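Shown next: final.cif, given as mmCIF, C-alpha atoms.
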```cif
data_my_file
#
loop_
_atom_site.group_PDB
_atom_site.id
_atom_site.type_symbol
_atom_site.label_atom_id
_atom_site.label_comp_id
_atom_site.auth_asym_id
_atom_site.auth_seq_id
_atom_site.Cartn_x
_atom_site.Cartn_y
_atom_site.Cartn_z
ATOM 1 C CA MET A 1 0.000 0.000 0.000
ATOM 2 C CA PRO A 2 2.756 2.555 0.741
ATOM 3 C CA GLY A 3 4.232 1.825 -2.666
ATOM 4 C CA ARG A 4 0.865 2.345 -4.317
ATOM 5 C CA TYR A 5 0.307 5.551 -2.353
ATOM 6 C CA ASN A 6 3.677 6.855 -3.491
ATOM 7 C CA LEU A 7 2.826 5.910 -7.075
ATOM 8 C CA VAL A 8 -0.396 7.914 -6.921
ATOM 9 C CA ILE A 9 1.476 10.911 -5.538
ATOM 10 C CA ASP A 10 4.006 10.659 -8.366
ATOM 11 C CA GLU A 11 1.248 10.465 -10.962
ATOM 12 C CA ARG A 12 -0.507 13.492 -9.478
ATOM 13 C CA SER A 13 2.705 15.489 -9.343
ATOM 14 C CA HIS A 14 3.436 14.538 -12.945
ATOM 15 C CA LEU A 15 -0.082 15.596 -13.923
ATOM 16 C CA THR A 16 0.381 18.886 -12.066
ATOM 17 C CA VAL A 17 3.645 19.533 -13.905
ATOM 18 C CA CYS A 18 1.971 18.781 -17.248
ATOM 19 C CA LEU A 19 -0.878 21.150 -16.448
ATOM 20 C CA GLN A 20 1.568 23.831 -15.402
ATOM 21 C CA LYS A 21 3.542 23.447 -18.635
ATOM 22 C CA SER A 22 0.336 23.553 -20.675
ATOM 23 C CA LYS A 23 -0.817 26.689 -18.867
ATOM 24 C CA GLN A 24 2.599 28.252 -19.328
ATOM 25 C CA SER A 25 2.538 27.518 -23.073
ATOM 26 C CA GLN A 26 -0.890 29.128 -23.319
ATOM 27 C CA ASN A 27 0.436 32.190 -21.493
ATOM 28 C CA LEU A 28 3.345 32.406 -23.928
ATOM 29 C CA GLU A 29 0.998 32.176 -26.901
ATOM 30 C CA GLN A 30 -1.186 34.903 -25.405
ATOM 31 C CA ILE A 31 1.774 37.210 -24.771
ATOM 32 C CA ASN A 32 3.073 36.643 -28.313
ATOM 33 C CA GLN A 33 -0.369 37.470 -29.705
ATOM 34 C CA PHE A 34 -0.509 40.531 -27.476
ATOM 35 C CA GLU A 35 2.878 41.659 -28.759
ATOM 36 C CA ALA A 36 1.827 41.195 -32.392
ATOM 37 C CA ILE A 37 -1.352 43.244 -31.834
ATOM 38 C CA LYS A 38 0.526 45.977 -29.978
ATOM 39 C CA MET A 39 3.238 46.226 -32.615
ATOM 40 C CA THR A 40 0.563 46.457 -35.313
ATOM 41 C CA GLN A 41 -1.145 49.280 -33.431
ATOM 42 C CA ASP A 42 2.153 51.109 -33.048
ATOM 43 C CA MET A 43 2.837 50.731 -36.780
ATOM 44 C CA LEU A 44 -0.615 52.019 -37.694
ATOM 45 C CA LEU A 45 -0.277 54.959 -35.336
ATOM 46 C CA GLY A 46 3.256 55.677 -36.489
ATOM 47 C CA ASN A 47 4.721 55.130 -33.026
ATOM 48 C CA GLU A 48 8.175 53.585 -32.852
ATOM 49 C CA GLU A 49 8.175 53.717 -29.055
ATOM 50 C CA PRO A 50 5.518 52.566 -26.577
ATOM 51 C CA SER A 51 2.446 54.732 -26.503
ATOM 52 C CA LYS A 52 2.471 55.153 -22.710
ATOM 53 C CA SER A 53 4.610 58.001 -21.477
ATOM 54 C CA LYS A 54 6.361 57.165 -18.221
ATOM 55 C CA GLU A 55 8.039 60.547 -17.818
ATOM 56 C CA THR A 56 4.848 62.021 -16.359
ATOM 57 C CA PHE A 57 4.954 59.534 -13.455
ATOM 58 C CA LEU A 58 8.565 60.444 -12.718
ATOM 59 C CA GLU A 59 7.760 64.152 -12.783
ATOM 60 C CA LYS A 60 5.336 63.683 -9.900
ATOM 61 C CA PHE A 61 8.087 62.215 -7.734
ATOM 62 C CA CYS A 62 10.486 64.983 -8.790
ATOM 63 C CA VAL A 63 7.965 67.614 -7.666
ATOM 64 C CA LEU A 64 7.520 65.805 -4.349
ATOM 65 C CA ALA A 65 11.300 65.531 -3.862
ATOM 66 C CA LYS A 66 11.761 69.286 -4.326
ATOM 67 C CA SER A 67 9.471 70.078 -1.418
ATOM 68 C CA SER A 68 10.448 67.163 0.855
ATOM 69 C CA THR A 69 13.243 66.656 3.356
ATOM 70 C CA GLY A 70 14.251 64.052 5.894
ATOM 71 C CA ALA A 71 11.984 61.039 6.278
ATOM 72 C CA ALA A 72 9.491 62.434 3.777
ATOM 73 C CA LEU A 73 12.193 62.529 1.097
ATOM 74 C CA LEU A 74 13.240 58.973 1.877
ATOM 75 C CA ASP A 75 9.626 57.892 1.557
ATOM 76 C CA VAL A 76 9.386 59.589 -1.851
ATOM 77 C CA ILE A 77 12.464 57.640 -3.020
ATOM 78 C CA ARG A 78 10.990 54.361 -1.807
ATOM 79 C CA GLN A 79 7.703 55.078 -3.561
ATOM 80 C CA ALA A 80 9.561 55.870 -6.801
ATOM 81 C CA LEU A 81 11.496 52.612 -6.561
ATOM 82 C CA GLU A 82 8.296 50.600 -6.078
ATOM 83 C CA ALA A 83 6.160 52.486 -8.611
ATOM 84 C CA PRO A 84 5.224 50.079 -11.444
ATOM 85 C CA ASN A 85 5.336 52.771 -14.155
ATOM 86 C CA VAL A 86 8.700 54.384 -13.324
ATOM 87 C CA PHE A 87 11.811 52.852 -14.937
ATOM 88 C CA VAL A 88 14.077 55.914 -15.307
ATOM 89 C CA PHE A 89 15.458 57.862 -12.372
ATOM 90 C CA GLY A 90 17.983 60.331 -13.776
ATOM 91 C CA GLU A 91 15.835 63.413 -13.175
ATOM 92 C CA LEU A 92 15.103 62.350 -9.628
ATOM 93 C CA LEU A 93 18.807 61.779 -8.980
ATOM 94 C CA ALA A 94 19.568 65.278 -10.236
ATOM 95 C CA GLU A 95 17.343 66.938 -7.651
ATOM 96 C CA PRO A 96 19.421 68.967 -5.130
ATOM 97 C CA SER A 97 17.627 67.476 -2.163
ATOM 98 C CA VAL A 98 18.457 63.964 -3.386
ATOM 99 C CA LEU A 99 22.091 64.827 -4.144
ATOM 100 C CA GLN A 100 22.507 65.941 -0.525
ATOM 101 C CA LEU A 101 21.879 62.373 0.605
ATOM 102 C CA LYS A 102 25.048 61.122 -1.100
ATOM 103 C CA ASP A 103 27.434 61.967 1.745
ATOM 104 C CA GLY A 104 24.936 61.899 4.596
ATOM 105 C CA PRO A 105 23.659 59.198 6.949
ATOM 106 C CA ASP A 106 21.011 58.207 4.405
ATOM 107 C CA SER A 107 23.494 57.551 1.610
ATOM 108 C CA LYS A 108 22.050 54.046 1.123
ATOM 109 C CA HIS A 109 18.917 55.575 -0.340
ATOM 110 C CA PHE A 110 20.993 57.566 -2.805
ATOM 111 C CA GLU A 111 23.059 54.486 -3.730
ATOM 112 C CA THR A 112 19.907 52.422 -4.181
ATOM 113 C CA LEU A 113 18.401 55.062 -6.438
ATOM 114 C CA ASN A 114 21.675 55.138 -8.370
ATOM 115 C CA LEU A 115 21.534 51.327 -8.642
ATOM 116 C CA PHE A 116 18.069 51.408 -10.171
ATOM 117 C CA ALA A 117 19.169 54.107 -12.605
ATOM 118 C CA TYR A 118 22.375 52.478 -13.884
ATOM 119 C CA GLY A 119 22.930 49.095 -12.225
ATOM 120 C CA THR A 120 21.702 45.518 -12.484
ATOM 121 C CA TYR A 121 20.434 42.821 -10.178
ATOM 122 C CA LYS A 122 23.867 41.237 -10.055
ATOM 123 C CA ASP A 123 25.355 44.506 -8.786
ATOM 124 C CA TYR A 124 22.853 44.434 -5.941
ATOM 125 C CA ARG A 125 23.604 40.811 -5.087
ATOM 126 C CA ALA A 126 27.347 41.511 -5.088
ATOM 127 C CA GLN A 127 27.106 44.207 -2.354
ATOM 128 C CA PRO A 128 23.685 44.060 -0.683
ATOM 129 C CA GLU A 129 24.958 45.894 2.412
ATOM 130 C CA LYS A 130 25.619 48.991 0.296
ATOM 131 C CA PHE A 131 21.911 49.476 -0.424
ATOM 132 C CA ILE A 132 18.658 49.574 1.474
ATOM 133 C CA GLU A 133 16.705 46.360 1.936
ATOM 134 C CA LEU A 134 14.681 45.821 -1.222
ATOM 135 C CA THR A 135 11.065 44.778 -1.103
ATOM 136 C CA PRO A 136 9.863 42.013 -3.445
ATOM 137 C CA ALA A 137 8.429 44.674 -5.766
ATOM 138 C CA MET A 138 11.778 46.496 -5.861
ATOM 139 C CA GLN A 139 13.683 43.279 -6.565
ATOM 140 C CA LYS A 140 11.348 42.374 -9.396
ATOM 141 C CA LYS A 141 11.684 45.852 -10.927
ATOM 142 C CA LEU A 142 15.471 45.613 -10.718
ATOM 143 C CA GLN A 143 15.296 42.273 -12.504
ATOM 144 C CA HIS A 144 13.147 43.863 -15.207
ATOM 145 C CA LEU A 145 15.694 46.656 -15.601
ATOM 146 C CA THR A 146 18.437 44.032 -15.865
ATOM 147 C CA ILE A 147 16.552 42.402 -18.748
ATOM 148 C CA VAL A 148 16.347 45.816 -20.408
ATOM 149 C CA SER A 149 20.110 46.263 -20.075
ATOM 150 C CA LEU A 150 20.697 42.871 -21.697
ATOM 151 C CA ALA A 151 18.185 43.623 -24.455
ATOM 152 C CA ILE A 152 19.989 46.868 -25.299
ATOM 153 C CA LYS A 153 23.229 44.948 -25.854
ATOM 154 C CA ALA A 154 21.806 41.986 -27.793
ATOM 155 C CA LYS A 155 18.551 41.198 -29.577
ATOM 156 C CA SER A 156 18.809 37.461 -28.987
ATOM 157 C CA ILE A 157 19.287 36.538 -25.324
ATOM 158 C CA PRO A 158 19.750 32.898 -24.259
ATOM 159 C CA TYR A 159 17.885 31.634 -21.228
ATOM 160 C CA ALA A 160 21.210 30.607 -19.672
ATOM 161 C CA LEU A 161 22.438 34.211 -19.605
ATOM 162 C CA LEU A 162 19.158 35.454 -18.161
ATOM 163 C CA LEU A 163 19.190 32.773 -15.471
ATOM 164 C CA SER A 164 22.731 33.772 -14.530
ATOM 165 C CA GLU A 165 22.172 37.540 -14.518
ATOM 166 C CA LEU A 166 18.909 37.328 -12.594
ATOM 167 C CA GLU A 167 20.183 34.516 -10.324
ATOM 168 C CA ILE A 168 17.151 32.328 -11.021
ATOM 169 C CA ASP A 169 17.260 28.543 -11.154
ATOM 170 C CA ASN A 170 13.715 28.008 -12.433
ATOM 171 C CA VAL A 171 12.903 28.467 -16.131
ATOM 172 C CA ARG A 172 9.222 28.938 -15.438
ATOM 173 C CA HIS A 173 9.963 31.734 -12.960
ATOM 174 C CA LEU A 174 12.258 33.339 -15.541
ATOM 175 C CA GLU A 175 9.581 33.261 -18.224
ATOM 176 C CA ASP A 176 7.063 34.772 -15.811
ATOM 177 C CA ILE A 177 9.425 37.683 -15.141
ATOM 178 C CA ILE A 178 10.015 38.198 -18.861
ATOM 179 C CA ILE A 179 6.264 38.189 -19.523
ATOM 180 C CA GLU A 180 5.759 40.758 -16.752
ATOM 181 C CA ALA A 181 8.450 42.955 -18.334
ATOM 182 C CA ILE A 182 6.683 42.723 -21.689
ATOM 183 C CA TYR A 183 3.352 43.666 -20.129
ATOM 184 C CA ALA A 184 5.111 46.558 -18.386
ATOM 185 C CA ASP A 185 5.933 47.803 -21.901
ATOM 186 C CA ILE A 186 9.667 48.128 -21.309
ATOM 187 C CA ILE A 187 10.571 45.418 -23.858
ATOM 188 C CA HIS A 188 8.884 43.861 -26.870
ATOM 189 C CA GLY A 189 9.825 40.345 -27.869
ATOM 190 C CA LYS A 190 8.960 36.674 -28.140
ATOM 191 C CA LEU A 191 9.864 33.633 -26.078
ATOM 192 C CA PHE A 192 11.023 30.478 -27.862
ATOM 193 C CA GLN A 193 10.839 27.520 -25.507
ATOM 194 C CA ASN A 194 12.276 25.036 -28.005
ATOM 195 C CA THR A 195 15.505 27.022 -28.466
ATOM 196 C CA ARG A 196 15.353 28.666 -24.998
ATOM 197 C CA ILE A 197 15.928 32.146 -26.392
ATOM 198 C CA LEU A 198 14.313 35.545 -25.882
ATOM 199 C CA GLU A 199 14.101 37.443 -29.179
ATOM 200 C CA VAL A 200 13.875 41.187 -28.475
ATOM 201 C CA ASP A 201 12.194 43.567 -30.921
ATOM 202 C CA TYR A 202 12.308 46.700 -28.759
ATOM 203 C CA ALA A 203 13.832 47.734 -25.452
ATOM 204 C CA GLN A 204 13.263 50.941 -23.527
ATOM 205 C CA GLY A 205 16.385 53.020 -22.932
ATOM 206 C CA ARG A 206 17.867 53.384 -19.467
ATOM 207 C CA ASP A 207 19.499 56.398 -17.810
ATOM 208 C CA ILE A 208 22.885 57.453 -19.157
ATOM 209 C CA PRO A 209 25.619 57.059 -16.501
ATOM 210 C CA PRO A 210 27.821 60.080 -15.725
ATOM 211 C CA GLY A 211 30.874 60.244 -18.003
ATOM 212 C CA TYR A 212 29.280 57.924 -20.555
ATOM 213 C CA THR A 213 28.485 60.767 -22.955
ATOM 214 C CA GLY A 214 31.970 60.612 -24.489
ATOM 215 C CA GLN A 215 31.499 56.945 -25.409
ATOM 216 C CA ILE A 216 28.158 57.786 -26.992
ATOM 217 C CA VAL A 217 29.808 60.540 -29.042
ATOM 218 C CA GLU A 218 32.532 58.133 -30.180
ATOM 219 C CA THR A 219 29.964 55.509 -31.133
ATOM 220 C CA LEU A 220 27.892 58.034 -33.062
ATOM 221 C CA GLN A 221 31.005 59.399 -34.793
ATOM 222 C CA ALA A 222 32.014 55.886 -35.844
ATOM 223 C CA TRP A 223 28.507 55.378 -37.180
ATOM 224 C CA VAL A 224 28.696 58.682 -39.116
ATOM 225 C CA ASN A 225 32.055 57.682 -40.596
ATOM 226 C CA SER A 226 30.621 54.341 -41.629
ATOM 227 C CA CYS A 227 27.651 56.076 -43.254
ATOM 228 C CA ASP A 228 30.017 58.440 -45.121
ATOM 229 C CA SER A 229 32.039 55.539 -46.478
ATOM 230 C CA VAL A 230 28.897 53.755 -47.585
ATOM 231 C CA SER A 231 27.627 56.958 -49.208
ATOM 232 C CA ASN A 232 30.919 57.429 -51.072
ATOM 233 C CA CYS A 233 30.801 53.847 -52.270
ATOM 234 C CA ILE A 234 27.246 54.317 -53.495
ATOM 235 C CA GLU A 235 28.214 57.510 -55.351
ATOM 236 C CA MET A 236 31.081 55.685 -57.050
ATOM 237 C CA GLN A 237 28.736 52.906 -58.082
ATOM 238 C CA ILE A 238 26.273 55.479 -59.456
ATOM 239 C CA LYS A 239 29.013 57.163 -61.505
ATOM 240 C CA TYR A 240 30.178 53.811 -62.832
ATOM 241 C CA ALA A 241 26.604 52.832 -63.713
ATOM 242 C CA ASN A 242 26.022 56.149 -65.519
ATOM 243 C CA ALA A 243 29.273 55.750 -67.483
ATOM 244 C CA GLU A 244 28.327 52.220 -68.501
ATOM 245 C CA LYS A 245 24.884 53.431 -69.493
ATOM 246 C CA SER A 246 26.392 56.152 -71.715
ATOM 247 C CA LYS A 247 28.688 53.606 -73.367
ATOM 248 C CA ARG A 248 25.793 51.280 -74.039
ATOM 249 C CA LEU A 249 23.673 54.092 -75.499
ATOM 250 C CA ILE A 250 26.503 55.111 -77.835
ATOM 251 C CA ASN A 251 27.032 51.501 -78.852
ATOM 252 C CA LYS A 252 23.301 51.084 -79.404
ATOM 253 C CA GLU A 253 23.163 54.172 -81.644
ATOM 254 C CA ARG A 254 26.167 52.927 -83.643
ATOM 255 C CA VAL A 255 24.621 49.490 -84.110
ATOM 256 C CA GLU A 256 21.303 51.018 -85.169
ATOM 257 C CA GLN A 257 23.078 53.285 -87.702
ATOM 258 C CA ASP A 258 25.044 50.320 -89.076
ATOM 259 C CA LEU A 259 21.791 48.402 -89.382
ATOM 260 C CA ILE A 260 20.191 51.281 -91.306
ATOM 261 C CA ASN A 261 23.183 51.484 -93.662
ATOM 262 C CA LEU A 262 23.113 47.731 -94.202
ATOM 263 C CA LYS A 263 19.422 47.848 -95.057
ATOM 264 C CA LYS A 264 20.104 50.583 -97.616
ATOM 265 C CA VAL A 265 22.888 48.534 -99.224
ATOM 266 C CA LEU A 266 20.716 45.413 -99.397
ATOM 267 C CA LYS A 267 17.846 47.401 -100.871
ATOM 268 C CA SER A 268 20.050 48.914 -103.589
ATOM 269 C CA GLN A 269 21.488 45.484 -104.445
ATOM 270 C CA THR A 270 17.996 44.006 -104.691
ATOM 271 C CA SER A 271 16.811 46.754 -107.056
ATOM 272 C CA ASP A 272 19.894 46.265 -109.295
ATOM 273 C CA SER A 273 19.323 42.521 -109.527
ATOM 274 C CA ASP A 274 15.648 43.083 -110.472
ATOM 275 C CA GLU A 275 16.626 45.439 -113.284
ATOM 276 C CA SER A 276 19.193 42.972 -114.668
ATOM 277 C CA MET A 277 16.645 40.162 -114.652
ATOM 278 C CA GLN A 278 14.201 42.302 -116.620
ATOM 279 C CA ILE A 279 16.880 43.081 -119.234
ATOM 280 C CA ASP A 280 17.744 39.374 -119.625
ATOM 281 C CA THR A 281 14.079 38.467 -120.130
ATOM 282 C CA HIS A 282 13.209 41.041 -122.831
ATOM 283 C CA GLY A 283 16.567 41.260 -124.580
ATOM 284 C CA PRO A 284 16.679 38.019 -126.752
ATOM 285 C CA GLY A 285 13.157 38.508 -128.210
ATOM 286 C CA THR A 286 14.107 41.787 -129.884
ATOM 287 C CA SER A 287 17.480 40.653 -131.385
ATOM 288 C CA GLY A 288 16.084 38.401 -134.169
ATOM 289 C CA GLY A 289 16.980 35.116 -132.539
ATOM 290 C CA LEU A 290 14.660 32.297 -131.702
ATOM 291 C CA GLY A 291 12.027 33.143 -129.245
ATOM 292 C CA GLN A 292 10.900 30.909 -126.533
ATOM 293 C CA SER A 293 7.740 29.883 -128.437
ATOM 294 C CA GLU A 294 9.799 28.993 -131.481
ATOM 295 C CA LEU A 295 12.132 26.909 -129.399
ATOM 296 C CA ARG A 296 9.151 24.995 -128.162
ATOM 297 C CA LYS A 297 7.777 24.394 -131.665
ATOM 298 C CA LYS A 298 10.991 23.449 -133.427
ATOM 299 C CA PRO A 299 11.571 20.126 -131.687
ATOM 300 C CA SER A 300 8.102 18.978 -132.783
ATOM 301 C CA LYS A 301 9.001 19.492 -136.455
ATOM 302 C CA LEU A 302 12.273 17.669 -136.260
ATOM 303 C CA ARG A 303 10.917 14.804 -134.216
ATOM 304 C CA ASN A 304 10.998 11.280 -135.873
ATOM 305 C CA PRO A 305 12.844 12.013 -139.174
ATOM 306 C CA ARG A 306 12.570 8.375 -140.337
ATOM 307 C CA SER A 307 8.818 8.631 -140.761
ATOM 308 C CA ALA A 308 9.317 10.909 -143.735
ATOM 309 C CA ALA A 309 11.725 8.509 -145.364
ATOM 310 C CA VAL A 310 9.360 5.575 -144.968
ATOM 311 C CA GLY A 311 6.635 7.380 -146.856
ATOM 312 C CA LEU A 312 8.779 7.714 -150.071
ATOM 313 C CA LYS A 313 8.056 5.366 -152.930
ATOM 314 C CA PHE A 314 10.568 4.448 -155.698
ATOM 315 C CA SER A 315 9.483 3.265 -159.189
ATOM 316 C CA LYS A 316 11.558 1.518 -161.822
#
```
Output the file's structure in the form of structure tokens.
Amino acid sequence: MPGRYNLVIDERSHLTVCLQKSKQSQNLEQINQFEAIKMTQDMLLGNEEPSKSKETFLEKFCVLAKSSTGAALLDVIRQALEAPNVFVFGELLAEPSVLQLKDGPDSKHFETLNLFAYGTYKDYRAQPEKFIELTPAMQKKLQHLTIVSLAIKAKSIPYALLLSELEIDNVRHLEDIIIEAIYADIIHGKLFQNTRILEVDYAQGRDIPPGYTGQIVETLQAWVNSCDSVSNCIEMQIKYANAEKSKRLINKERVEQDLINLKKVLKSQTSDSDESMQIDTHGPGTSGGLGQSELRKKPSKLRNPRSAAVGLKFSK
């Protein structure tokens, strides 16, 4: 009986796992359909970025931070970190009242806000004592921001990298977090369970770290130089194509003129041959020789000469 009881438990657990996988597959199909519909709406509306503007939510916290100090300011920072619609924090970090926290007793709040603006979940796990204690909502948001950072660097992200960066050992939990990030409208993409890859179509930008502007300028300058080289190559190809076109047009005109001249020569030769044939046909009839009708009649007169000899009679 214990063996049978254990067997039933195993069957039920297996059935539960199957149901969970089936439900998870349905959720993935629904999120992929949702993404397709949303991308179609954005294309029809001419929006390349998500339609929801999250800057307005951040502005509210910036206004509150300007008029808050002490515990009230710390509460504003915590609310901003937990807010589901706030994923950029650069403006809030730039507030004078927030900057004053950097070297004070509440520096952990400033460091935590700096972490959410520029860092990742792995940075938090490496030095948790440097930051305030994160609530489950804060940890999940930081994981979402980590996915955004990975999506900015690569459009195809393996599950293994996501599991490592988010420090998750459960694929189902990972897919749930990715789906939540997609519904939060900070990334657009599709999950492929067979290849265990997240294909990213769009990722919201994060705050620019201090001193990173120079790297952006260098990247943009390299891109401009690449565009200039491509443009020069295209111009050279256009010039070459135009030159080849001119050569072909000249060659075409020459061939057409040669064809016209050849037709004229053939026409003149044909007319000369017709005139010579007419002269040969009418010439012999006017010179006193035998005509064609006479030539036809003459053989009939000369045919069978012996018949005339047979008809002669000799008398003694």
Since I can't run it myself right now, could you work out what the PyMOL selection byres ((chain A and resi 81-89) around 8) selects here and report it as an mmCIF file with C-alpha atoms, keeping the file's coordinate frame?
```cif
data_model
loop_
_atom_site.group_PDB
_atom_site.id
_atom_site.type_symbol
_atom_site.label_atom_id
_atom_site.label_comp_id
_atom_site.auth_asym_id
_atom_site.auth_seq_id
_atom_site.Cartn_x
_atom_site.Cartn_y
_atom_site.Cartn_z
ATOM 1 C CA LYS A 54 6.361 57.165 -18.221
ATOM 2 C CA GLU A 55 8.039 60.547 -17.818
ATOM 3 C CA PHE A 57 4.954 59.534 -13.455
ATOM 4 C CA LEU A 58 8.565 60.444 -12.718
ATOM 5 C CA ILE A 77 12.464 57.640 -3.020
ATOM 6 C CA ARG A 78 10.990 54.361 -1.807
ATOM 7 C CA GLN A 79 7.703 55.078 -3.561
ATOM 8 C CA ALA A 80 9.561 55.870 -6.801
ATOM 9 C CA GLY A 90 17.983 60.331 -13.776
ATOM 10 C CA GLU A 91 15.835 63.413 -13.175
ATOM 11 C CA LEU A 92 15.103 62.350 -9.628
ATOM 12 C CA LEU A 93 18.807 61.779 -8.980
ATOM 13 C CA LEU A 113 18.401 55.062 -6.438
ATOM 14 C CA ASN A 114 21.675 55.138 -8.370
ATOM 15 C CA PHE A 116 18.069 51.408 -10.171
ATOM 16 C CA ALA A 117 19.169 54.107 -12.605
ATOM 17 C CA ALA A 137 8.429 44.674 -5.766
ATOM 18 C CA MET A 138 11.778 46.496 -5.861
ATOM 19 C CA LYS A 141 11.684 45.852 -10.927
ATOM 20 C CA LEU A 145 15.694 46.656 -15.601
ATOM 21 C CA ALA A 184 5.111 46.558 -18.386
ATOM 22 C CA ARG A 206 17.867 53.384 -19.467
ATOM 23 C CA ASP A 207 19.499 56.398 -17.810
#
```
Determine, counting only C-alpha atoms, which protein, DNA and RNA residues have an atom within 10 Å of an atom of range 94-109 of chain A; residues of the same chain fewer than 6 positions away are not included. Present the result as a PDB file with C-alpha atoms, in the frame of the given file.
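The result, stored in selection36.pdb:
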```pdb
ATOM      1  CA  CYS A  62      10.486  64.983  -8.790  1.00  0.00           C
ATOM      2  CA  VAL A  63       7.965  67.614  -7.666  1.00  0.00           C
ATOM      3  CA  ALA A  65      11.300  65.531  -3.862  1.00  0.00           C
ATOM      4  CA  LYS A  66      11.761  69.286  -4.326  1.00  0.00           C
ATOM      5  CA  SER A  67       9.471  70.078  -1.418  1.00  0.00           C
ATOM      6  CA  SER A  68      10.448  67.163   0.855  1.00  0.00           C
ATOM      7  CA  THR A  69      13.243  66.656   3.356  1.00  0.00           C
ATOM      8  CA  GLY A  70      14.251  64.052   5.894  1.00  0.00           C
ATOM      9  CA  ALA A  71      11.984  61.039   6.278  1.00  0.00           C
ATOM     10  CA  LEU A  73      12.193  62.529   1.097  1.00  0.00           C
ATOM     11  CA  LEU A  74      13.240  58.973   1.877  1.00  0.00           C
ATOM     12  CA  ASP A  75       9.626  57.892   1.557  1.00  0.00           C
ATOM     13  CA  ILE A  77      12.464  57.640  -3.020  1.00  0.00           C
ATOM     14  CA  ARG A  78      10.990  54.361  -1.807  1.00  0.00           C
ATOM     15  CA  LEU A 115      21.534  51.327  -8.642  1.00  0.00           C
ATOM     16  CA  GLU A 129      24.958  45.894   2.412  1.00  0.00           C
ATOM     17  CA  LYS A 130      25.619  48.991   0.296  1.00  0.00           C
ATOM     18  CA  PHE A 131      21.911  49.476  -0.424  1.00  0.00           C
ATOM     19  CA  ILE A 132      18.658  49.574   1.474  1.00  0.00           C
ATOM     20  CA  GLU A 133      16.705  46.360   1.936  1.00  0.00           C
TER      21      GLU A 133
END
```
Please determine an axis-aligned box that encloses all atoms of range 142-145 of chain A listed in the file, with 8 Å added on each side, and express its centre and edge lengths in Å to one decimal as JSON.
```
{"center_x": 14.4, "center_y": 44.5, "center_z": -13.2, "size_x": 18.5, "size_y": 20.4, "size_z": 20.9}
```
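One finds CA of Thr195 in chain A at 20.5 Å from CA of Glu180 in chain A.
Between CA of Pro136 in chain A and CA of Asp201 in chain A the interatomic distance comes to 27.6 Å.
Reported to one decimal place, the separation of CA of Tyr121 in chain A from CA of Tyr159 in chain A is 15.9 Å.
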Could you complete range 77-89 of chain A so that it carries N, CA and C atoms, and give it back as a compact mmCIF listing (two decimals), in the coordinates of the input?
```
# COMPACT_ATOMS: atom_id res chain seq x y z
N ILE A 77 11.53 58.50 -2.27
CA ILE A 77 12.46 57.64 -3.02
C ILE A 77 11.97 56.20 -3.02
N ARG A 78 11.50 55.73 -1.87
CA ARG A 78 10.99 54.36 -1.81
C ARG A 78 9.76 54.19 -2.71
N GLN A 79 8.88 55.16 -2.70
CA GLN A 79 7.70 55.08 -3.56
C GLN A 79 8.10 55.06 -5.04
N ALA A 80 9.11 55.86 -5.41
CA ALA A 80 9.56 55.87 -6.80
C ALA A 80 10.17 54.53 -7.19
N LEU A 81 10.89 53.91 -6.27
CA LEU A 81 11.50 52.61 -6.56
C LEU A 81 10.45 51.51 -6.70
N GLU A 82 9.34 51.63 -6.01
CA GLU A 82 8.30 50.60 -6.08
C GLU A 82 7.24 50.90 -7.14
N ALA A 83 7.20 52.12 -7.64
CA ALA A 83 6.16 52.49 -8.61
C ALA A 83 6.27 51.61 -9.86
N PRO A 84 5.16 51.01 -10.31
CA PRO A 84 5.22 50.08 -11.44
C PRO A 84 5.44 50.76 -12.79
N ASN A 85 5.23 52.08 -12.87
CA ASN A 85 5.34 52.77 -14.16
C ASN A 85 6.58 53.65 -14.26
N VAL A 86 7.49 53.56 -13.31
CA VAL A 86 8.70 54.38 -13.32
C VAL A 86 9.91 53.46 -13.52
N PHE A 87 10.63 53.68 -14.64
CA PHE A 87 11.81 52.85 -14.94
C PHE A 87 13.04 53.70 -15.26
N VAL A 88 12.93 55.02 -15.16
CA VAL A 88 14.08 55.91 -15.31
C VAL A 88 14.11 56.83 -14.09
N PHE A 89 15.32 57.14 -13.64
CA PHE A 89 15.46 57.86 -12.37
C PHE A 89 16.48 58.99 -12.46
```
